[in-house]
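*Asks:* What follows is data.cif; its format and atoms are mmCIF, C-alpha atoms.
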data_my_file
loop_
_atom_site.label_atom_id
_atom_site.label_comp_id
_atom_site.auth_asym_id
_atom_site.auth_seq_id
_atom_site.Cartn_x
_atom_site.Cartn_y
_atom_site.Cartn_z
CA MET X 109 106.42 178.92 187.40
CA LEU X 110 104.57 179.06 184.05
CA VAL X 111 106.59 179.39 180.85
CA HIS X 112 105.52 179.62 177.19
CA ALA X 113 107.29 177.36 174.69
CA GLU X 114 106.97 177.56 170.91
CA SER X 115 108.22 173.99 170.69
CA VAL X 116 109.46 171.25 172.96
CA LYS X 117 112.98 171.73 171.59
CA LEU X 118 113.04 175.29 172.97
CA GLN X 119 112.24 174.27 176.55
CA LEU X 120 115.79 173.72 177.70
CA ASP X 121 117.07 176.95 176.11
CA LYS X 122 114.26 178.92 177.73
CA LEU X 123 114.94 177.39 181.13
CA ARG X 124 118.62 178.25 180.82
CA ASN X 125 117.68 181.86 180.07
CA ILE X 126 115.24 182.01 182.98
CA ILE X 127 117.87 181.03 185.52
CA GLY X 128 120.74 182.83 183.85
CA PHE X 129 122.43 180.15 181.74
CA LYS X 130 122.68 182.14 178.54
CA GLU X 131 124.19 179.67 176.09
CA PRO X 132 122.66 176.30 175.13
CA ASN X 133 124.84 173.26 175.66
CA SER X 134 126.33 172.02 172.39
CA SER X 135 129.24 170.03 173.79
CA LYS X 136 129.86 166.95 175.89
CA GLN X 137 130.59 169.22 178.85
CA PRO X 138 128.03 170.41 181.43
CA ASP X 139 125.94 173.49 180.70
CA TYR X 140 127.44 176.11 183.00
CA LEU X 141 130.26 176.22 185.54
CA GLY X 142 130.28 172.43 185.79
CA ILE X 143 126.51 172.18 186.33
CA GLU X 144 124.26 170.26 183.93
CA LEU X 145 120.56 171.03 183.34
CA LYS X 146 118.15 168.32 182.23
CA THR X 147 114.50 168.99 181.43
CA THR X 148 111.62 166.83 180.26
CA ARG X 149 107.85 166.63 180.20
CA GLN X 150 106.14 164.52 182.86
CA PHE X 151 109.56 163.63 184.17
CA SER X 152 108.55 160.75 186.41
CA LYS X 153 107.03 158.81 183.49
CA LYS X 154 109.84 159.12 180.99
CA ARG X 155 113.49 158.28 180.72
CA SER X 156 115.95 161.13 180.78
CA THR X 157 119.22 161.16 178.87
CA ILE X 158 122.32 160.77 181.01
CA PHE X 159 124.83 161.23 178.20
CA ALA X 160 125.52 160.47 174.55
CA GLN X 161 128.47 158.29 173.63
CA VAL X 162 129.32 156.51 170.39
CA ALA X 163 130.96 153.11 170.55
CA GLU X 164 134.70 152.60 170.48
CA TRP X 165 134.94 151.94 166.77
CA LYS X 166 138.46 150.52 166.82
CA ASN X 167 137.33 147.75 169.19
CA SER X 168 133.94 147.15 167.56
CA VAL X 169 132.94 144.84 164.74
CA ILE X 170 130.79 147.62 163.26
CA LYS X 171 133.08 150.54 162.42
CA SER X 172 130.66 153.47 162.00
CA SER X 173 127.12 154.68 162.59
CA ALA X 174 126.50 154.42 158.85
CA GLU X 175 127.51 150.75 158.84
CA MET X 176 125.29 150.07 161.86
CA LEU X 177 122.40 151.72 160.03
CA ASP X 178 123.00 149.78 156.82
CA LYS X 179 123.06 146.47 158.67
CA TYR X 180 120.16 146.86 161.11
CA GLY X 181 118.14 149.87 159.96
CA TYR X 182 114.74 150.03 158.27
CA SER X 183 112.94 152.24 155.75
CA ARG X 184 110.57 154.83 157.14
CA GLU X 185 108.88 157.41 154.89
CA ASP X 186 111.66 159.01 152.82
CA SER X 187 114.49 158.05 155.19
CA TYR X 188 116.38 155.01 156.41
CA LYS X 189 116.50 154.79 160.22
CA LEU X 190 117.73 152.89 163.20
CA TYR X 191 115.61 154.28 166.03
CA CYS X 192 115.40 151.72 168.81
CA THR X 193 116.00 151.09 172.50
CA VAL X 194 118.67 148.62 173.56
CA ARG X 195 118.71 146.93 176.98
CA ALA X 196 120.60 144.08 178.59
CA GLY X 197 119.46 140.52 178.02
CA ILE X 198 116.35 141.26 175.93
CA ALA X 199 116.61 141.56 172.15
CA ASN X 200 114.62 144.39 170.56
CA PRO X 201 112.77 144.01 167.22
CA GLN X 202 116.05 144.64 165.41
CA GLY X 203 117.61 141.74 167.32
CA LEU X 204 119.92 144.00 169.34
CA SER X 205 120.64 143.83 173.07
CA PHE X 206 123.40 144.51 175.59
CA ASP X 207 125.78 142.01 177.15
CA VAL X 208 127.51 143.51 180.19
CA ASP X 209 130.77 141.86 181.20
CA LEU X 210 131.53 143.15 184.69
CA GLU X 211 134.78 141.20 185.00
CA LYS X 212 136.22 142.59 181.77
CA ASP X 213 134.60 145.99 182.42
CA ILE X 214 133.09 146.10 178.93
CA LEU X 215 129.65 146.83 177.51
CA PHE X 216 128.90 144.84 174.35
CA GLU X 217 126.00 145.46 172.02
CA ILE X 218 125.16 142.17 170.39
CA HIS X 219 122.87 140.92 167.64
CA GLU X 220 120.95 137.72 168.25
CA ILE X 221 122.44 136.14 165.11
CA ASP X 222 125.57 138.13 164.28
CA GLY X 223 126.99 138.36 167.80
CA ILE X 224 129.06 141.35 168.94
CA THR X 225 128.45 144.56 167.00
CA LEU X 226 129.57 147.49 169.20
CA VAL X 227 131.87 147.85 172.20
CA TRP X 228 132.22 150.43 174.99
CA SER X 229 134.78 150.18 177.78
CA GLY X 230 133.51 150.79 181.28
CA LYS X 231 136.27 153.36 181.69
CA LEU X 232 134.97 155.44 178.79
CA LEU X 233 131.37 155.34 180.00
CA ARG X 234 132.32 156.29 183.55
CA GLN X 235 134.41 159.16 182.23
CA ARG X 236 131.46 160.47 180.23
CA LEU X 237 129.13 160.17 183.22
CA LEU X 238 131.50 162.10 185.47
CA GLU X 239 132.17 164.77 182.82
CA LYS X 240 128.48 165.38 182.26
CA HIS X 241 126.97 164.91 185.69
CA LYS X 242 129.36 165.91 188.43
CA GLU X 243 126.48 168.17 189.46
CA THR X 244 123.05 168.25 187.81
CA PHE X 245 119.60 169.79 188.17
CA TRP X 246 116.92 167.48 186.72
CA ILE X 247 113.89 169.68 186.00
CA GLU X 248 110.35 168.32 185.76
CA ALA X 249 107.87 170.29 183.65
CA GLU X 250 104.18 169.69 182.96
CA SER X 251 103.19 170.67 179.41
CA PHE X 252 99.83 171.96 178.15
CA VAL X 253 98.34 174.16 175.41
CA ASN X 254 96.64 177.39 176.53
CA ASP X 255 93.50 179.05 175.12
CA GLU X 256 95.56 180.85 172.47
CA GLY X 257 96.94 177.57 171.20
CA ILE X 258 100.40 178.27 172.61
CA GLU X 259 102.27 175.42 174.23
CA CYS X 260 103.26 176.20 177.81
CA PHE X 261 104.77 174.31 180.65
CA ILE X 262 104.69 174.56 184.42
CA LEU X 263 107.87 173.85 186.32
CA LYS X 264 106.95 171.26 188.94
CA GLN X 265 110.06 169.83 190.58
CA VAL X 266 113.84 169.96 190.54
CA ILE X 267 116.07 167.07 191.57
CA HIS X 268 119.60 168.08 192.52
CA THR X 269 122.29 165.40 192.17
CA LYS X 270 126.07 165.34 192.34
CA ASN X 271 129.03 162.97 192.49
CA PRO X 272 127.61 159.96 190.60
CA LEU X 273 128.34 156.45 191.82
CA LEU X 274 130.63 155.51 188.96
CA SER X 275 130.98 151.90 190.07
CA GLN X 276 127.22 151.43 189.62
CA LEU X 277 127.08 152.39 185.95
CA LEU X 278 127.74 148.98 184.39
CA PRO X 279 125.72 147.06 187.01
CA LEU X 280 122.74 149.34 186.30
CA LEU X 281 123.14 148.66 182.60
CA LYS X 282 123.20 144.94 183.37
CA ASP X 283 120.04 145.28 185.48
CA ARG X 284 118.28 147.23 182.69
CA VAL X 285 117.90 150.30 184.90
CA ILE X 286 119.96 152.20 182.34
CA THR X 287 119.13 151.67 178.67
CA MET X 288 120.34 153.16 175.40
CA ASP X 289 118.61 154.61 172.34
CA HIS X 290 120.00 154.50 168.82
CA LEU X 291 118.99 157.54 166.76
CA ILE X 292 120.64 157.06 163.37
CA LYS X 293 119.09 158.31 160.13
CA ARG X 294 120.04 158.55 156.47
CA SER X 295 118.20 161.27 154.60
CA GLY X 296 116.44 160.11 151.47
CA LYS X 297 117.14 163.49 149.90
CA THR X 298 120.83 163.99 150.67
CA ASN X 299 121.91 160.43 151.58
CA LYS X 300 123.66 161.99 154.58
CA VAL X 301 123.81 159.95 157.79
CA SER X 302 123.16 161.73 161.09
CA GLU X 303 123.66 160.27 164.58
CA LYS X 304 121.97 161.91 167.58
CA GLY X 305 123.04 159.21 169.99
CA PRO X 306 123.62 156.66 171.21
CA LEU X 307 121.76 158.11 174.19
CA PHE X 308 122.15 156.39 177.56
CA LYS X 309 119.01 156.93 179.64
CA ILE X 310 117.52 156.41 183.10
CA ASN X 311 114.09 156.91 184.64
CA SER X 312 113.98 159.64 187.29
CA LYS X 313 112.63 157.24 189.90
CA ASN X 314 115.97 155.42 189.72
CA LEU X 315 118.27 158.44 190.03
CA ASN X 316 119.09 157.50 193.62
CA LEU X 317 120.68 154.28 192.32
CA LEU X 318 123.23 156.30 190.35
CA PHE X 319 123.49 159.47 192.43
CA PRO X 320 123.80 159.36 196.23
CA GLU X 321 121.23 161.30 198.24
CA PRO X 322 119.42 163.28 195.52
CA VAL X 323 117.72 166.42 196.87
CA TYR X 324 114.15 167.16 195.75
CA TYR X 325 112.77 170.69 195.45
CA GLU X 326 109.10 171.44 194.81
CA ILE X 327 108.57 174.59 192.73
#
Produce structure tokens that represent the structure in this file.

*Replies:*
Amino acid sequence: MLVHAESVKLQLDKLRNIIGFKEPNSSKQPDYLGIELKTTRQFSKKRSTIFAQVAEWKNSVIKSSAEMLDKYGYSREDSYKLYCTVRAGIANPQGLSFDVDLEKDILFEIHEIDGITLVWSGKLLRQRLLEKHKETFWIEAESFVNDEGIECFILKQVIHTKNPLLSQLLPLLKDRVITMDHLIKRSGKTNKVSEKGPLFKINSKNLNLLFPEPVYYEI
């Protein structure tokens, strides 16, 4: 199936319309009737977002996204940002990494000097995973620009998953199979802080570690 797309951001909305999901997903709930749709370019080579979940501020040392940005962010053009990937056991350039405590059932984000910054309970993360991905279609699309200069994409493959293995979520974070992206920005014009994450992500080749018996459909 070949589909035109004016921008990458419109891909998911267009796919929803094609298969009858009329409204884009703006909540933490699945897209339609308990089913979630995930799309990406060159799916096998990129991580796909599983869910977004802010830290449990009351249990964290850092108490807001703005405070996290102020402490570990950096200037970029006319904004101040904290855009980085966090994984277990390996500090990123901002000095941030995960420490997964399986016995306490807690995910800690730590700084190599400051120690614990953010905290998520395993219970909260498992709840978010189940809410978002009780049943999901992961859609692979190949993107290109046609002779008229219009971006298009070809639907290549759909992976159907359901009933995630909740007990594997923290172990997969510990093994760096699941990672997280911070996407925090303060506008230089308005001074307003926006938070698009934190986004917990997985590569499609590892979906079978989180979802039992994924079904693959070639389009």

*Asks:* Find the spatial neighbours of segment 300-306 of chain X, counting all atoms listed in the file, within a cut-off of 10 Å - ignore same-chain residues fewer than 3 positions away - and output them as a PDB file with C-alpha atoms, in the coordinates of the input.

*Replies:*
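As a result, part_12.pdb now contains:
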ATOM      1  CA  THR X 157     119.220 161.160 178.870  1.00  0.00           C
ATOM      2  CA  PHE X 159     124.830 161.230 178.200  1.00  0.00           C
ATOM      3  CA  ALA X 160     125.520 160.470 174.550  1.00  0.00           C
ATOM      4  CA  GLN X 161     128.470 158.290 173.630  1.00  0.00           C
ATOM      5  CA  VAL X 162     129.320 156.510 170.390  1.00  0.00           C
ATOM      6  CA  ALA X 163     130.960 153.110 170.550  1.00  0.00           C
ATOM      7  CA  SER X 173     127.120 154.680 162.590  1.00  0.00           C
ATOM      8  CA  ALA X 174     126.500 154.420 158.850  1.00  0.00           C
ATOM      9  CA  GLU X 175     127.510 150.750 158.840  1.00  0.00           C
ATOM     10  CA  LEU X 177     122.400 151.720 160.030  1.00  0.00           C
ATOM     11  CA  SER X 187     114.490 158.050 155.190  1.00  0.00           C
ATOM     12  CA  TYR X 188     116.380 155.010 156.410  1.00  0.00           C
ATOM     13  CA  LYS X 189     116.500 154.790 160.220  1.00  0.00           C
ATOM     14  CA  LEU X 190     117.730 152.890 163.200  1.00  0.00           C
ATOM     15  CA  TYR X 191     115.610 154.280 166.030  1.00  0.00           C
ATOM     16  CA  CYS X 192     115.400 151.720 168.810  1.00  0.00           C
ATOM     17  CA  THR X 193     116.000 151.090 172.500  1.00  0.00           C
ATOM     18  CA  VAL X 194     118.670 148.620 173.560  1.00  0.00           C
ATOM     19  CA  MET X 288     120.340 153.160 175.400  1.00  0.00           C
ATOM     20  CA  ASP X 289     118.610 154.610 172.340  1.00  0.00           C
ATOM     21  CA  HIS X 290     120.000 154.500 168.820  1.00  0.00           C
ATOM     22  CA  LEU X 291     118.990 157.540 166.760  1.00  0.00           C
ATOM     23  CA  ILE X 292     120.640 157.060 163.370  1.00  0.00           C
ATOM     24  CA  LYS X 293     119.090 158.310 160.130  1.00  0.00           C
ATOM     25  CA  ARG X 294     120.040 158.550 156.470  1.00  0.00           C
ATOM     26  CA  SER X 295     118.200 161.270 154.600  1.00  0.00           C
ATOM     27  CA  GLY X 296     116.440 160.110 151.470  1.00  0.00           C
ATOM     28  CA  LYS X 297     117.140 163.490 149.900  1.00  0.00           C
ATOM     29  CA  LYS X 309     119.010 156.930 179.640  1.00  0.00           C
TER      30      LYS X 309
END

*Asks:* Taking the file as shown, what set of residues would the PyMOL selection byres ((chain X and resi 326) around 9) give back, as a list in words?

*Replies:*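 Going through the file, the PyMOL selection byres ((chain X and resi 326) around 9) ends up selecting Leu263, Lys264, Gln265, Val266, Ile267, Tyr324, Tyr325 and Ile327 of chain X.
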
*Asks:* Give me the residues within 12 Å of Glu211 of chain X as a list in words, counting all atoms listed in the file and dropping any in the same chain fewer than 2 places off.

*Replies:*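 Once the adjacent positions are removed, what remains is Asp207, Val208, Asp209, Asp213, Ile214, Leu215, Ser229, Gly230, Leu278 and Pro279 of chain X.
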
*Asks:* Could you list, as a PyMOL selection string, every residue within 10 Å of Asp222 of chain X, counting all atoms listed in the file and ignoring same-chain residues fewer than 5 positions away?

*Replies:* chain X and resi 169+203-204

*Asks:* For C-alpha atoms, I'd like the residues from the last selection saved as a tab-separated table (two decimals), in the coordinates of the input.

*Replies:*
chain	number	residue	atom	x	y	z
X	169	VAL	CA	132.94	144.84	164.74
X	203	GLY	CA	117.61	141.74	167.32
X	204	LEU	CA	119.92	144.00	169.34

*Asks:* Mind giving me the straight-line distance from atom CA of Asn311 of chain X to atom CA of Lys242 of chain X in Å, one decimal?

*Replies:*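 Spanning atom CA of Asn311 of chain X to atom CA of Lys242 of chain X is a straight-line distance of 18.1 Å.
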
*Asks:* Pick out the residues sitting within 10 Å of Val323 of chain X, and hand them over as a PyMOL selection string; count only C-alpha atoms, and ignore anything fewer than 2 positions along from it in its own chain.

*Replies:* chain X and resi 245+266-270+316+320-321+325

*Asks:* Tell me which of X:Arg184, X:Arg155, X:Lys146, X:Lys212 sits closest to Val227 of chain X, counting only C-alpha atoms.

*Replies:* X:Lys212

*Asks:* Could you check the closest approach to Leu238 of chain X for each of X:Asn314, X:Asn271, X:Gln202, X:Ser183 and tell me which residue wins, using all atoms listed in the file?

*Replies:*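 Of the candidates, the smallest distance to Leu238 of chain X is held by X:Asn271.
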
*Asks:* What does the structure give for the distance between atom CA of Ala199 of chain X and atom CA of Glu220 of chain X, in Å to one decimal?

*Replies:*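 Distance between the two atoms: 7.0 Å.
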
*Asks:* What separation in Å, quoted to one decimal, exists between atom CA of Trp165 of chain X and atom CA of Arg234 of chain X?

*Replies:* 17.5 Å

*Asks:* Which residue is closest to Leu307 of chain X? Choose from X:Ile247, X:Ile224, X:Asp178, X:Leu237 and count all atoms listed in the file.

*Replies:*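 When distances to Leu307 of chain X are compared using all atoms listed in the file, the smallest one comes from X:Leu237.
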
*Asks:* My list of candidates is X:Asn254, X:Ser205, X:Thr244, X:Thr298. Which is closest to Leu315 of chain X when distances are computed with all atoms listed in the file?

*Replies:* X:Thr244
